[in-house]
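Chemist: Take a look at the following structure, please.
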Amino acid sequence: MDTRHMWYFMALAETLHFGRAAERMNMSQPPFSRQIAMIEQSLGVKLFERNSRNVALTPAGKHFMKDCRNVLGQFEEACRDVRLVASGMKGELRFGFMMHAAHSVVPQLVQLYAEARPDVRLVLDERTPTEIDEMLVAGTLDAAVTFDCGYAPHLQTVLLARERLHIIMRKDHPLVTADQIGPEELSGEKIIAASAATAPALRSAINSYFSARGIVPHVVLEPRLQHTIIQLVAKGLGIALIPASLCTELGAELMSRALTDAPQLDVVLRAPITTKNPAVSTLMEIGKSIQRASL
């Protein structure tokens, strides 16, 4: 037996009339009757009581009707679901993002996507920029928000925002009162920054900011995460150049200041060009709408 036979049985179980059931299945009555007889023979169970006037379900037939309705309902749901997944309306999307983006573009991006595709399960994965690049290449992320590290022909890229770096320091630091803070004022300061291996675009921007004035930054600590950098600055272990979006919730002991000719970083949404996940295309379109609104 297969689902086709279940449909035959259900047509008769619901109409209790061979002629109407055969018509529902687009068949003439004799071959339809033979199908019902074959089903009963295959199961070794009498499903219908029939005489010249009436057709009625046996107790076994009533139970079989209930089970068939459940099975066919699940089968139809599976057919609907597979079409929805293929169209990107349902399924799963593995979405990575660097930590600081959770303070800027990621909440809006996730909200708009959840509204547009409520049946797609977003699996959020907070990572460093280097990890994101590796996971996009490996295919363990479908899309991600990260810093733009330059030309990447294997990735589709949407610019989401441009973010400048600010300097953070303790409130008792002498530079808090400075009108302008540039590389010259920071020469010799202990700097806390993520390593190039962790966040290459961010570290490159910091190094270039100093080297343009012939200064070598004195980096004393290289944590992986921006939140760790903020905590170390709060302990008086140095100063840091961090994305401006992270400066809104520094705590009572820290201050942020704008930098003269501050470095600027592009925050982008990226996904493999060869992605086989149809749910990605809607995310990229939403990213373009954010770009138009923010830039």
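Naming works like this for the structure tokens: A, B, ... for the chains as they're shown, residue 1 at the start of each chain, ligands 1 onward in shown order.
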Write out as a JSON list (two decimals) with C-alpha atoms, in the first residue's frame which residues come within 6 Å of Gly182 in chain A when counting only C-alpha atoms, dropping same-chain ones fewer than 3 positions away.
Modeler:
[["chain", "number", "residue", "atom", "x", "y", "z"],
["A", 185, "GLU", "CA", 48.81, 62.87, 21.61],
["A", 259, "LEU", "CA", 39.66, 61.25, 17.27],
["A", 260, "THR", "CA", 41.12, 63.75, 14.83]]
Chemist: Using DSSP on the backbone, list every residue of range 69-234 of chain A that comes out as alpha helix (DSSP H), and give them as an NGL selection string.
Modeler: :A and (69-86 or 106-116 or 129-138 or 183-186 or 200-211 or 226-234)
Chemist: Each residue of range 162-183 of chain A lying at most 12 Å from range 196-212 of chain A should get a row with its shortest atom-to-atom pair and the distance in Å to one decimal, counting only C-alpha atoms; could you produce that, ordered by chain and increasing number, as a Markdown table?
Modeler:
| residue | atom | partner | partner_atom | distance |
| --- | --- | --- | --- | --- |
| A:Glu163 | CA | A:Leu202 | CA | 10.9 |
| A:Arg164 | CA | A:Ala205 | CA | 10.1 |
| A:Leu165 | CA | A:Ile206 | CA | 8.6 |
| A:His166 | CA | A:Ile206 | CA | 10.7 |
| A:Ile167 | CA | A:Ile206 | CA | 10.8 |
| A:Gly182 | CA | A:Phe210 | CA | 8.7 |
| A:Pro183 | CA | A:Phe210 | CA | 5.5 |
Chemist: Write the residues of the preceding selection, restricted to C-alpha atoms, as a PDB file, in the first residue's frame.
Modeler:
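File written: part.pdb
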ATOM      1  CA  GLU A 163      31.718  53.351  11.533  1.00  0.00           C
ATOM      2  CA  ARG A 164      34.461  55.557  12.932  1.00  0.00           C
ATOM      3  CA  LEU A 165      36.765  54.597  15.773  1.00  0.00           C
ATOM      4  CA  HIS A 166      36.679  56.495  19.059  1.00  0.00           C
ATOM      5  CA  ILE A 167      39.192  56.455  21.865  1.00  0.00           C
ATOM      6  CA  GLY A 182      45.253  62.565  17.397  1.00  0.00           C
ATOM      7  CA  PRO A 183      48.109  60.107  16.909  1.00  0.00           C
TER       8      PRO A 183
END
Chemist: So how many Å separate CA of Ser187 in chain A and CA of Ile239 in chain A, to one decimal?
Modeler: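 Between these atoms lies a distance of 11.5 Å.
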Chemist: CA of Val267 in chain A and CA of Glu222 in chain A are how many Å apart?
Modeler: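 Between CA of Val267 in chain A and CA of Glu222 in chain A the gap works out to 21.6 Å.
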Chemist: I'd like to know which of A:Lys276, A:Arg170, A:Arg162, A:Arg292 is closest to Pro263 in chain A, using only C-alpha atoms.
Modeler: A:Arg162
Chemist: Please return, as a PyMOL selection string, all residues of range 168-218 of chain A that DSSP assigns to strand (DSSP E or B) on the basis of the backbone.
Modeler: chain A and resi 168-170+190-192+218
Chemist: Which of these, A:Gly91, A:Thr146, A:Leu269, A:Val105, has the shortest distance to Asp119 in chain A once you count only C-alpha atoms?
Modeler: A:Gly91
Chemist: Separation of CA of Gly214 in chain A and CA of Glu184 in chain A, in Å?
Modeler: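 Between CA of Gly214 in chain A and CA of Glu184 in chain A the gap is 9.3 Å.
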Chemist: Show me, as a list of chain:residue names, the residues that have an atom within 6 Å of range 71-88 of chain A when counting only C-alpha atoms, minus same-chain residues fewer than 3 positions from it.
Modeler: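 Once the adjacent positions are removed, what remains is A:Cys68, A:Gly91, A:Pro278, A:Ala279.
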Chemist: Let's have the selection written as a tab-separated table (two decimals), in the first residue's frame, with N, CA, C and O atoms.
Modeler:
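Wrote part.tsv, looks like this:
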chain	number	residue	atom	x	y	z
A	68	CYS	N	-5.25	7.10	8.79
A	68	CYS	CA	-4.98	7.58	7.42
A	68	CYS	C	-5.06	9.10	7.35
A	68	CYS	O	-4.25	9.74	6.67
A	91	GLY	N	12.80	27.02	6.81
A	91	GLY	CA	14.09	26.35	6.92
A	91	GLY	C	14.93	26.93	8.02
A	91	GLY	O	14.41	27.35	9.06
A	278	PRO	N	18.35	28.96	-0.04
A	278	PRO	CA	17.51	30.00	-0.64
A	278	PRO	C	17.05	31.06	0.34
A	278	PRO	O	16.55	32.11	-0.08
A	279	ALA	N	17.19	30.80	1.64
A	279	ALA	CA	16.77	31.79	2.65
A	279	ALA	C	17.73	32.98	2.71
A	279	ALA	O	17.39	34.02	3.30
Chemist: If you count only C-alpha atoms, which residues fall within 10 Å of range 98-104 of chain A, apart from same-chain ones fewer than 5 positions away, as a PyMOL selection string?
Modeler: chain A and resi 109+125-132+144-147+160-161+163+199+225-227+242-249+267-268
Chemist: Compare A:Lys288, A:Lys235, A:Lys171, A:His218 by their minimum atom-to-atom distance to Arg257 in chain A, counting only C-alpha atoms, and give me the closest one.
Modeler: A:Lys171
Chemist: Leaving out Thr140 in chain A and any residue of its chain fewer than 6 positions from it, which residues lie within 12 Å of it when counting only C-alpha atoms, given as a list in words?
Modeler: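 The contact residues come out as Leu93, Arg94, Phe95, Gly96, Val123, Leu124, Asp125, Glu131, Ile132, Asp133, Glu134, Ala271, Pro272, Thr275 and Asn277 of chain A.
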Chemist: Excluding same-chain residues fewer than 3 positions from Val233 in chain A, what lies within 8 Å of it counting only C-alpha atoms, as number ranges by chain?
Modeler: A: 168-170, 192, 229-230, 236-240, 254
Chemist: Using the selection just defined, write its residues with all heavy atoms as a short mmCIF file (atom, residue, chain, number, x, y, z; two decimals), in the first residue's frame.
Modeler:
data_model
loop_
_atom_site.label_atom_id
_atom_site.label_comp_id
_atom_site.auth_asym_id
_atom_site.auth_seq_id
_atom_site.Cartn_x
_atom_site.Cartn_y
_atom_site.Cartn_z
N ILE A 168 38.74 55.34 23.98
CA ILE A 168 38.16 55.24 25.32
C ILE A 168 39.30 55.23 26.35
O ILE A 168 40.39 54.71 26.09
CB ILE A 168 37.27 54.00 25.50
CG1 ILE A 168 38.06 52.71 25.29
CG2 ILE A 168 36.08 54.07 24.57
CD1 ILE A 168 37.28 51.46 25.71
N MET A 169 39.02 55.81 27.50
CA MET A 169 40.00 55.90 28.58
C MET A 169 39.27 56.08 29.90
O MET A 169 38.07 56.36 29.92
CB MET A 169 40.94 57.10 28.34
CG MET A 169 40.21 58.43 28.35
SD MET A 169 41.17 59.79 27.66
CE MET A 169 40.81 59.59 25.92
N ARG A 170 40.00 55.91 30.98
CA ARG A 170 39.41 56.18 32.29
C ARG A 170 39.15 57.67 32.45
O ARG A 170 39.82 58.51 31.84
CB ARG A 170 40.35 55.69 33.39
CG ARG A 170 40.34 54.18 33.60
CD ARG A 170 41.33 53.79 34.68
NE ARG A 170 41.03 54.46 35.94
CZ ARG A 170 40.27 53.93 36.91
NH1 ARG A 170 39.74 52.73 36.75
NH2 ARG A 170 40.05 54.59 38.03
N ILE A 192 45.50 49.03 24.10
CA ILE A 192 44.93 47.67 24.13
C ILE A 192 44.12 47.50 22.84
O ILE A 192 43.24 48.30 22.54
CB ILE A 192 44.02 47.48 25.36
CG1 ILE A 192 44.80 47.79 26.64
CG2 ILE A 192 43.46 46.07 25.40
CD1 ILE A 192 43.94 47.83 27.89
N ILE A 229 38.46 44.19 26.04
CA ILE A 229 39.27 45.41 25.90
C ILE A 229 38.70 46.52 26.77
O ILE A 229 39.43 47.21 27.49
CB ILE A 229 39.32 45.83 24.42
CG1 ILE A 229 40.15 44.83 23.61
CG2 ILE A 229 39.88 47.25 24.27
CD1 ILE A 229 40.15 45.08 22.12
N ILE A 230 37.38 46.69 26.73
CA ILE A 230 36.73 47.75 27.52
C ILE A 230 36.98 47.53 29.01
O ILE A 230 37.29 48.47 29.76
CB ILE A 230 35.22 47.78 27.21
CG1 ILE A 230 35.00 48.27 25.77
CG2 ILE A 230 34.48 48.69 28.20
CD1 ILE A 230 33.58 48.14 25.28
N GLY A 236 42.46 50.54 34.11
CA GLY A 236 43.61 51.44 34.02
C GLY A 236 44.82 50.83 33.36
O GLY A 236 45.94 51.33 33.52
N LEU A 237 44.65 49.77 32.57
CA LEU A 237 45.78 49.09 31.94
C LEU A 237 46.16 49.68 30.60
O LEU A 237 47.12 49.22 29.97
CB LEU A 237 45.45 47.60 31.79
CG LEU A 237 45.22 46.86 33.12
CD1 LEU A 237 44.78 45.44 32.87
CD2 LEU A 237 46.49 46.89 33.95
N GLY A 238 45.43 50.66 30.14
CA GLY A 238 45.74 51.29 28.86
C GLY A 238 44.53 52.00 28.30
O GLY A 238 43.50 52.15 28.98
N ILE A 239 44.68 52.49 27.07
CA ILE A 239 43.56 53.09 26.36
C ILE A 239 43.24 52.20 25.16
O ILE A 239 43.97 51.24 24.86
CB ILE A 239 43.90 54.51 25.87
CG1 ILE A 239 45.07 54.45 24.88
CG2 ILE A 239 44.22 55.43 27.05
CD1 ILE A 239 45.33 55.74 24.16
N ALA A 240 42.15 52.49 24.44
CA ALA A 240 41.78 51.66 23.29
C ALA A 240 41.05 52.48 22.25
O ALA A 240 40.37 53.46 22.56
CB ALA A 240 40.91 50.48 23.74
N LEU A 254 34.50 55.14 32.64
CA LEU A 254 35.14 55.34 31.33
C LEU A 254 34.54 56.52 30.58
O LEU A 254 33.36 56.87 30.76
CB LEU A 254 35.02 54.08 30.47
CG LEU A 254 35.77 52.84 30.95
CD1 LEU A 254 35.51 51.67 30.03
CD2 LEU A 254 37.26 53.13 31.05
#
Chemist: Nearest residue to Met27 in chain A out of A:Phe48, A:Phe97, A:Tyr113, A:Tyr8, using only C-alpha atoms?
Modeler: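 The answer is A:Tyr8, which sits nearest to Met27 in chain A.
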